[in-house]
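S.K.: Structure provided below as structure tokens; questions to follow.
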Amino acid sequence: MAGARNGAFALSLLSSWWSDLGRLADRALDRQIRLAVTGLRRAGKTVFVTALVRHLLDAQGLPFLRAVHEQRYLGARLLPVDRGEAFPFERYEAALEREPPHWPEPTERLFRLRLALRFRGESALAQAIRPVRELELEIVDYPGEWLLDLPLLEASFEEFSYEAFALAAVPPRAELARAWLARAHGLDQSSPPDPRALAELVCAYRDYLRACRERLGLFYVVPGRFVAPGEPEDHPALRFAPLPPAPLRPGSLRAAVVEAFERYREEFVRRFYDEHFRGFDRQIVLVDLLSALNAGPAHFADLARALERLSRSFRYGRSSLFARLFAPKIDRVLFAASKADHVASSQHAALTELLRVLVAPVGRAARFEGLEPRFLAISAVRATDEVRTTYDGQVLSCVKGRLAEEGREVVLFPGEIPPEPPEPADWESGRFRFRAFAPRRLVPGRPAPHIRLDQALEFLIGDKLR
Ligand SMILES: Nc1nc2c(ncn2[C@@H]2O[C@H](COP(=O)(O)OP(=O)(O)OP(=O)(O)O)[C@@H](O)[C@H]2O)c(=O)[nH]1
Ligand SMILES: [Mg+2]
């Protein structure tokens with residue numbers, strides 16, 4: 001009897017030791033992963049996160065995710081978030097499953113997401129240590145505009161002003177900058193701060209940024225929060241605008257503006273960065289290249305500038321075990337051309353190539369740190385089908401879907417994507433007119449059609465599901 005009890009005790013000791021060992025192995029093997037979903041406004045971040053959660057919860061429709069393919073993936077569960085607001089997955093999913101279906105609205109504040117993924121280990125040893133393993137995936141979703149403020153953390157007021165004036169001096173911004181420039185140059189910066197003159201300056205700068213974004217569709221609009229939806233316009237930290245060079249005198253208008261700029265950096269930008277933008281392990285950078293092609297050459301260059309600037313806010317490199325625990329770096333970065341369903345699959349290779357060229361400086365910087373970035377054309381939620389039609393004896397690959405603006409079902413040939421940045425003649429020919437599509441209604445419980453979402457996930461988290 002006593003022998004049996006001793007045996008049971010020894011067994012329970014062994015099993016507890018075994019599970020402790022499992023926990024230790026889990027920590028060492030990095031069973032928690034923070035994914036940076038990066039992209040400028042309307043790049044497709046919220047749609048991507050919604051699709052990722054929906055697919056991982058159901059474990060369906062992801063044949064290129066190896067753990068799913070090998071039937072080792074068991075499923076996922078949304079975990080409560082410990083701080084901040086939870087990503088409203090159910091709301092976004094319901095909007096896509098409703099008739100008529102809707103894309104998520106532009107994101108106005110920050111949401112956090114924690115997802116526990118369960119799977120069986122690949123090797124016999126992994127299975128013996130712990131038959132069911134768990135990976136916690138953490139993501140934040142936020143307004144794309146906020147991202148462009150991160151480089152301000154490294155910039156002085158003088159540098160911020162210098163860049164704003166340099167950009168405003170040339171087309172296409174010059175045309176829209178006149179009212180703000182007139183105010184900025186007309187101010188006596190050494191006089192005591194006059195609240196009215198200051199308010200008018202900020203208002204003129206904000207109107208200029210809004211016009212850059214709304215009338216010209218430009219991406220590089222800094223500070224992003226000046227034009228982001230749902231931002232408090234009258235916050236004292238937002239009472240600044242770029243100024244021409246002048247001496248800094250205590251108690252002057254310039255001093256008040258510089259103080260507001262510093263406060264904005266600390267209270268808005270640094271807080272966002274410190275609380276949510278540190279410690280990423282992996283990154284997907286979503287880029288809406290088709291909108292940039294539609295908008296023209298200045299916008300295309302502007303998108304490249306914005307992506308290069310914001311990449312400076314991320315730490316790339318291989319993490320040692322110690323670094324992984326205490327100062328993680330991004331050790332895999334995926335550049336994804338989003339909304340690839342707007343064009344036929346025959347164009348995807350060119351879309352990927354064009355993206356590679358557009359983000360070349362960022363790719364180079366990542367490579368310098370020992371990473372090989374990956375490039376993919378993806379669609380997180382596919383809104384079109386591909387059809388072939390014959391025109392003038394030629395077979396054309398077309399897309400069929402419901403136009404977002406007009407709501408009517410169409411079959412159209414969206415045109416060809418150049419694998420290199422377009423030549424002046426290409427821009428002038430007006431050949432880039434890619435249309436946006438409304439989503440197709442998702443059937444509850446059925447996987448949503450996508451393009452290469454599973455390949456993106458395999459690259460981003462696949463190795464952690466082994
Ligand atoms: N056809 C298609 N359209 C997409 C896809 N992903 C995004 N879109 C379109 O792009 C728009 C913006 O997508 P969001 O995911 O809301 O973009 P975001 O990056 O979260 O934008 P902000 O919240 O403004 O920063 C959507 O309203 C859709 O019109 C996709 O996979 N396919
Ligand atoms: Mg969003």
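Scheme for the structure tokens: letters A, B, ... for chains in order shown; per-chain residue numbers from 1; ligand numbers from 1 in order shown.
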Using the chain letters and numbers from this document, which residues of range 57-186 of chain A does DSSP assign to strand (DSSP E or B), as a VMD selection string?

M.R.: chain A and resid 73 to 79 85 to 86 111 to 119 133 to 141

S.K.: How would you write, as a list in words, the set of residues in range 78-157 of chain A that DSSP gives as alpha helix (DSSP H)?

M.R.: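 The alpha helix (DSSP H) subset of range 78-157 of chain A is Phe89, Glu90, Arg91, Tyr92, Glu93, Ala94, Ala95, Leu96, Glu97, Ala124, Leu125, Ala126, Gln127, Ala128, Ile129, Gly144, Glu145, Trp146, Leu147 and Phe157 of chain A.
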
S.K.: Given the choices A:Val221, A:Ala86, A:Leu442, A:Val287, which gets closest to ligand 1 if the distance is worked out from only C-alpha atoms and all ligand atoms?

M.R.: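 Of A:Val221, A:Ala86, A:Leu442, A:Val287, the one nearest ligand 1 is A:Val287, counting only C-alpha atoms and all ligand atoms.
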
S.K.: Within 6 Å of ligand 2, counting only C-alpha atoms and all ligand atoms: which residues, as JSON, numbers by chain?

M.R.: {"A": [45, 46, 106, 107, 143]}

S.K.: Using only C-alpha atoms and all ligand atoms, find the one residue out of A:Gly84, A:Gly230, A:Pro172, A:Pro236 that sits nearest to ligand 1.

M.R.: A:Gly230

S.K.: Name the residues in contact with range 429-441 of chain A at a cut-off of 6 Å, using only C-alpha atoms, excluding same-chain residues fewer than 3 positions from it; report them as number ranges by chain.

M.R.: A: 96-97, 101, 294, 383, 402-404, 414, 426

S.K.: Next, dump the selected residues to file, keeping only all heavy atoms, as a PDB file, in the first residue's frame.

M.R.:
ATOM      1  N   LEU A  96     -18.714  42.258 -41.658  1.00  0.00           N
ATOM      2  CA  LEU A  96     -18.386  41.560 -42.913  1.00  0.00           C
ATOM      3  C   LEU A  96     -19.366  40.422 -43.201  1.00  0.00           C
ATOM      4  O   LEU A  96     -19.482  39.968 -44.342  1.00  0.00           O
ATOM      5  CB  LEU A  96     -16.956  41.014 -42.853  1.00  0.00           C
ATOM      6  CG  LEU A  96     -15.857  42.065 -42.985  1.00  0.00           C
ATOM      7  CD1 LEU A  96     -14.507  41.514 -42.529  1.00  0.00           C
ATOM      8  CD2 LEU A  96     -15.748  42.559 -44.434  1.00  0.00           C
ATOM      9  N   GLU A  97     -20.080  39.968 -42.152  1.00  0.00           N
ATOM     10  CA  GLU A  97     -21.022  38.850 -42.354  1.00  0.00           C
ATOM     11  C   GLU A  97     -22.450  39.339 -42.581  1.00  0.00           C
ATOM     12  O   GLU A  97     -23.334  38.557 -42.877  1.00  0.00           O
ATOM     13  CB  GLU A  97     -20.980  37.921 -41.128  1.00  0.00           C
ATOM     14  CG  GLU A  97     -19.663  37.149 -41.022  1.00  0.00           C
ATOM     15  CD  GLU A  97     -19.594  36.248 -39.805  1.00  0.00           C
ATOM     16  OE1 GLU A  97     -20.453  36.385 -38.906  1.00  0.00           O
ATOM     17  OE2 GLU A  97     -18.667  35.411 -39.751  1.00  0.00           O
ATOM     18  N   PRO A 101     -22.469  43.635 -46.634  1.00  0.00           N
ATOM     19  CA  PRO A 101     -21.257  43.621 -45.794  1.00  0.00           C
ATOM     20  C   PRO A 101     -20.497  44.948 -45.861  1.00  0.00           C
ATOM     21  O   PRO A 101     -20.610  45.672 -46.848  1.00  0.00           O
ATOM     22  CB  PRO A 101     -20.421  42.505 -46.412  1.00  0.00           C
ATOM     23  CG  PRO A 101     -20.918  42.366 -47.807  1.00  0.00           C
ATOM     24  CD  PRO A 101     -22.338  42.815 -47.841  1.00  0.00           C
ATOM     25  N   ASN A 294      -2.520  55.031 -58.472  1.00  0.00           N
ATOM     26  CA  ASN A 294      -3.653  55.845 -58.930  1.00  0.00           C
ATOM     27  C   ASN A 294      -3.365  57.324 -58.755  1.00  0.00           C
ATOM     28  O   ASN A 294      -3.748  58.145 -59.573  1.00  0.00           O
ATOM     29  CB  ASN A 294      -4.904  55.542 -58.088  1.00  0.00           C
ATOM     30  CG  ASN A 294      -5.611  54.277 -58.573  1.00  0.00           C
ATOM     31  OD1 ASN A 294      -5.313  53.772 -59.644  1.00  0.00           O
ATOM     32  ND2 ASN A 294      -6.532  53.793 -57.787  1.00  0.00           N
ATOM     33  N   ALA A 383     -12.149  40.305 -52.180  1.00  0.00           N
ATOM     34  CA  ALA A 383     -13.465  40.853 -52.536  1.00  0.00           C
ATOM     35  C   ALA A 383     -13.808  40.620 -54.006  1.00  0.00           C
ATOM     36  O   ALA A 383     -14.870  41.037 -54.458  1.00  0.00           O
ATOM     37  CB  ALA A 383     -13.474  42.347 -52.239  1.00  0.00           C
ATOM     38  N   ARG A 402     -17.948  43.896 -56.701  1.00  0.00           N
ATOM     39  CA  ARG A 402     -18.876  45.021 -56.558  1.00  0.00           C
ATOM     40  C   ARG A 402     -18.059  46.267 -56.237  1.00  0.00           C
ATOM     41  O   ARG A 402     -17.306  46.269 -55.255  1.00  0.00           O
ATOM     42  CB  ARG A 402     -19.873  44.700 -55.423  1.00  0.00           C
ATOM     43  CG  ARG A 402     -21.064  45.623 -55.349  1.00  0.00           C
ATOM     44  CD  ARG A 402     -22.195  44.960 -54.549  1.00  0.00           C
ATOM     45  NE  ARG A 402     -21.778  44.564 -53.209  1.00  0.00           N
ATOM     46  CZ  ARG A 402     -21.822  45.348 -52.140  1.00  0.00           C
ATOM     47  NH1 ARG A 402     -22.279  46.577 -52.236  1.00  0.00           N
ATOM     48  NH2 ARG A 402     -21.429  44.910 -50.956  1.00  0.00           N
ATOM     49  N   LEU A 403     -18.199  47.280 -57.085  1.00  0.00           N
ATOM     50  CA  LEU A 403     -17.406  48.500 -56.869  1.00  0.00           C
ATOM     51  C   LEU A 403     -17.793  49.156 -55.553  1.00  0.00           C
ATOM     52  O   LEU A 403     -18.980  49.277 -55.233  1.00  0.00           O
ATOM     53  CB  LEU A 403     -17.635  49.483 -58.015  1.00  0.00           C
ATOM     54  CG  LEU A 403     -17.028  49.101 -59.356  1.00  0.00           C
ATOM     55  CD1 LEU A 403     -17.403  50.130 -60.420  1.00  0.00           C
ATOM     56  CD2 LEU A 403     -15.502  48.991 -59.251  1.00  0.00           C
ATOM     57  N   ALA A 404     -16.779  49.590 -54.794  1.00  0.00           N
ATOM     58  CA  ALA A 404     -17.050  50.164 -53.470  1.00  0.00           C
ATOM     59  C   ALA A 404     -17.885  51.433 -53.591  1.00  0.00           C
ATOM     60  O   ALA A 404     -18.815  51.653 -52.827  1.00  0.00           O
ATOM     61  CB  ALA A 404     -15.735  50.455 -52.763  1.00  0.00           C
ATOM     62  N   PRO A 414      -8.224  45.528 -64.871  1.00  0.00           N
ATOM     63  CA  PRO A 414      -7.675  46.664 -64.124  1.00  0.00           C
ATOM     64  C   PRO A 414      -6.391  47.228 -64.711  1.00  0.00           C
ATOM     65  O   PRO A 414      -5.919  48.263 -64.261  1.00  0.00           O
ATOM     66  CB  PRO A 414      -7.416  46.087 -62.730  1.00  0.00           C
ATOM     67  CG  PRO A 414      -7.756  44.642 -62.779  1.00  0.00           C
ATOM     68  CD  PRO A 414      -8.057  44.255 -64.182  1.00  0.00           C
ATOM     69  N   ASP A 426       4.292  56.723 -68.584  1.00  0.00           N
ATOM     70  CA  ASP A 426       3.270  55.851 -67.980  1.00  0.00           C
ATOM     71  C   ASP A 426       2.295  56.678 -67.151  1.00  0.00           C
ATOM     72  O   ASP A 426       1.089  56.478 -67.188  1.00  0.00           O
ATOM     73  CB  ASP A 426       3.915  54.811 -67.053  1.00  0.00           C
ATOM     74  CG  ASP A 426       4.738  53.809 -67.824  1.00  0.00           C
ATOM     75  OD1 ASP A 426       4.296  53.442 -68.929  1.00  0.00           O
ATOM     76  OD2 ASP A 426       5.790  53.390 -67.323  1.00  0.00           O
TER      77      ASP A 426
END

S.K.: Fewer than 5 positions away in the same chain doesn't count, so skip those; otherwise give me all residues within 12 Å of Ser123 in chain A, counting only C-alpha atoms, as a list in words.

M.R.: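 In the requested form, the answer reads Arg72, Ala128, Ile129, Arg130, Pro131, Leu465 and Arg466 of chain A.
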
S.K.: Give me the chain A side of the contact with ligand 1, cut-off 9 Å, one line per residue showing its nearest atom pair and distance in Å at one decimal, counting only C-alpha atoms and all ligand atoms, sorted by chain and residue number, as a Markdown table.

M.R.:
| residue | atom | partner | partner_atom_place_in_ligand_line | distance |
| --- | --- | --- | --- | --- |
| A:Val37 | CA | ligand 1 | 19 (O) | 8.9 |
| A:Thr38 | CA | ligand 1 | 19 (O) | 8.0 |
| A:Gly39 | CA | ligand 1 | 19 (O) | 5.7 |
| A:Leu40 | CA | ligand 1 | 25 (O) | 5.9 |
| A:Arg41 | CA | ligand 1 | 25 (O) | 3.6 |
| A:Arg42 | CA | ligand 1 | 21 (O) | 3.3 |
| A:Ala43 | CA | ligand 1 | 19 (O) | 3.9 |
| A:Gly44 | CA | ligand 1 | 15 (O) | 3.2 |
| A:Lys45 | CA | ligand 1 | 19 (O) | 3.7 |
| A:Thr46 | CA | ligand 1 | 15 (O) | 3.6 |
| A:Val47 | CA | ligand 1 | 15 (O) | 3.7 |
| A:Phe48 | CA | ligand 1 | 15 (O) | 6.1 |
| A:Val49 | CA | ligand 1 | 15 (O) | 7.8 |
| A:Thr50 | CA | ligand 1 | 15 (O) | 8.3 |
| A:Ala51 | CA | ligand 1 | 31 (O) | 8.7 |
| A:His102 | CA | ligand 1 | 27 (O) | 7.9 |
| A:Trp103 | CA | ligand 1 | 27 (O) | 4.7 |
| A:Pro104 | CA | ligand 1 | 16 (O) | 5.3 |
| A:Glu105 | CA | ligand 1 | 16 (O) | 5.8 |
| A:Pro106 | CA | ligand 1 | 23 (O) | 3.9 |
| A:Thr107 | CA | ligand 1 | 23 (O) | 3.6 |
| A:Glu108 | CA | ligand 1 | 23 (O) | 6.8 |
| A:Arg109 | CA | ligand 1 | 23 (O) | 8.7 |
| A:Asp141 | CA | ligand 1 | 20 (O) | 7.3 |
| A:Tyr142 | CA | ligand 1 | 25 (O) | 6.3 |
| A:Pro143 | CA | ligand 1 | 25 (O) | 4.0 |
| A:Gly144 | CA | ligand 1 | 25 (O) | 3.4 |
| A:Glu145 | CA | ligand 1 | 25 (O) | 6.4 |
| A:Trp146 | CA | ligand 1 | 25 (O) | 8.4 |
| A:Leu147 | CA | ligand 1 | 25 (O) | 8.9 |
| A:Ala228 | CA | ligand 1 | 24 (O) | 8.4 |
| A:Pro229 | CA | ligand 1 | 24 (O) | 8.5 |
| A:Leu286 | CA | ligand 1 | 19 (O) | 7.7 |
| A:Val287 | CA | ligand 1 | 19 (O) | 8.9 |
| A:Asp288 | CA | ligand 1 | 10 (O) | 8.1 |
| A:Ser338 | CA | ligand 1 | 31 (O) | 6.2 |
| A:Lys339 | CA | ligand 1 | 32 (N) | 4.0 |
| A:Ala340 | CA | ligand 1 | 32 (N) | 6.7 |
| A:Asp341 | CA | ligand 1 | 1 (N) | 5.6 |
| A:His342 | CA | ligand 1 | 1 (N) | 5.7 |
| A:Ile378 | CA | ligand 1 | 31 (O) | 7.0 |
| A:Ser379 | CA | ligand 1 | 31 (O) | 3.6 |
| A:Ala380 | CA | ligand 1 | 31 (O) | 3.9 |
| A:Val381 | CA | ligand 1 | 31 (O) | 4.0 |
| A:Arg382 | CA | ligand 1 | 32 (N) | 5.0 |
| A:Ala383 | CA | ligand 1 | 1 (N) | 4.7 |
| A:Thr384 | CA | ligand 1 | 1 (N) | 6.9 |
| A:Gly401 | CA | ligand 1 | 1 (N) | 8.9 |
| A:Ala404 | CA | ligand 1 | 29 (O) | 7.2 |
| A:Ala436 | CA | ligand 1 | 29 (O) | 6.2 |
| A:Phe437 | CA | ligand 1 | 1 (N) | 5.1 |
| A:Ala438 | CA | ligand 1 | 29 (O) | 6.5 |
| A:Pro439 | CA | ligand 1 | 1 (N) | 6.4 |
| A:His450 | CA | ligand 1 | 31 (O) | 7.1 |
| A:Ile451 | CA | ligand 1 | 31 (O) | 7.9 |

S.K.: Could you check the closest approach to Pro151 in chain A for each of A:Arg374, A:His348, A:Arg318, A:Arg312 and tell me which residue wins, using only C-alpha atoms?

M.R.: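 Selected residue with least distance to Pro151 in chain A: A:Arg312.
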
S.K.: Give me the residues within 12 Å of Pro421 in chain A as number ranges by chain, counting only C-alpha atoms and dropping any in the same chain fewer than 4 places off.

M.R.: A: 289, 292-293, 296-301, 304, 350-351, 353-360, 417, 425-427
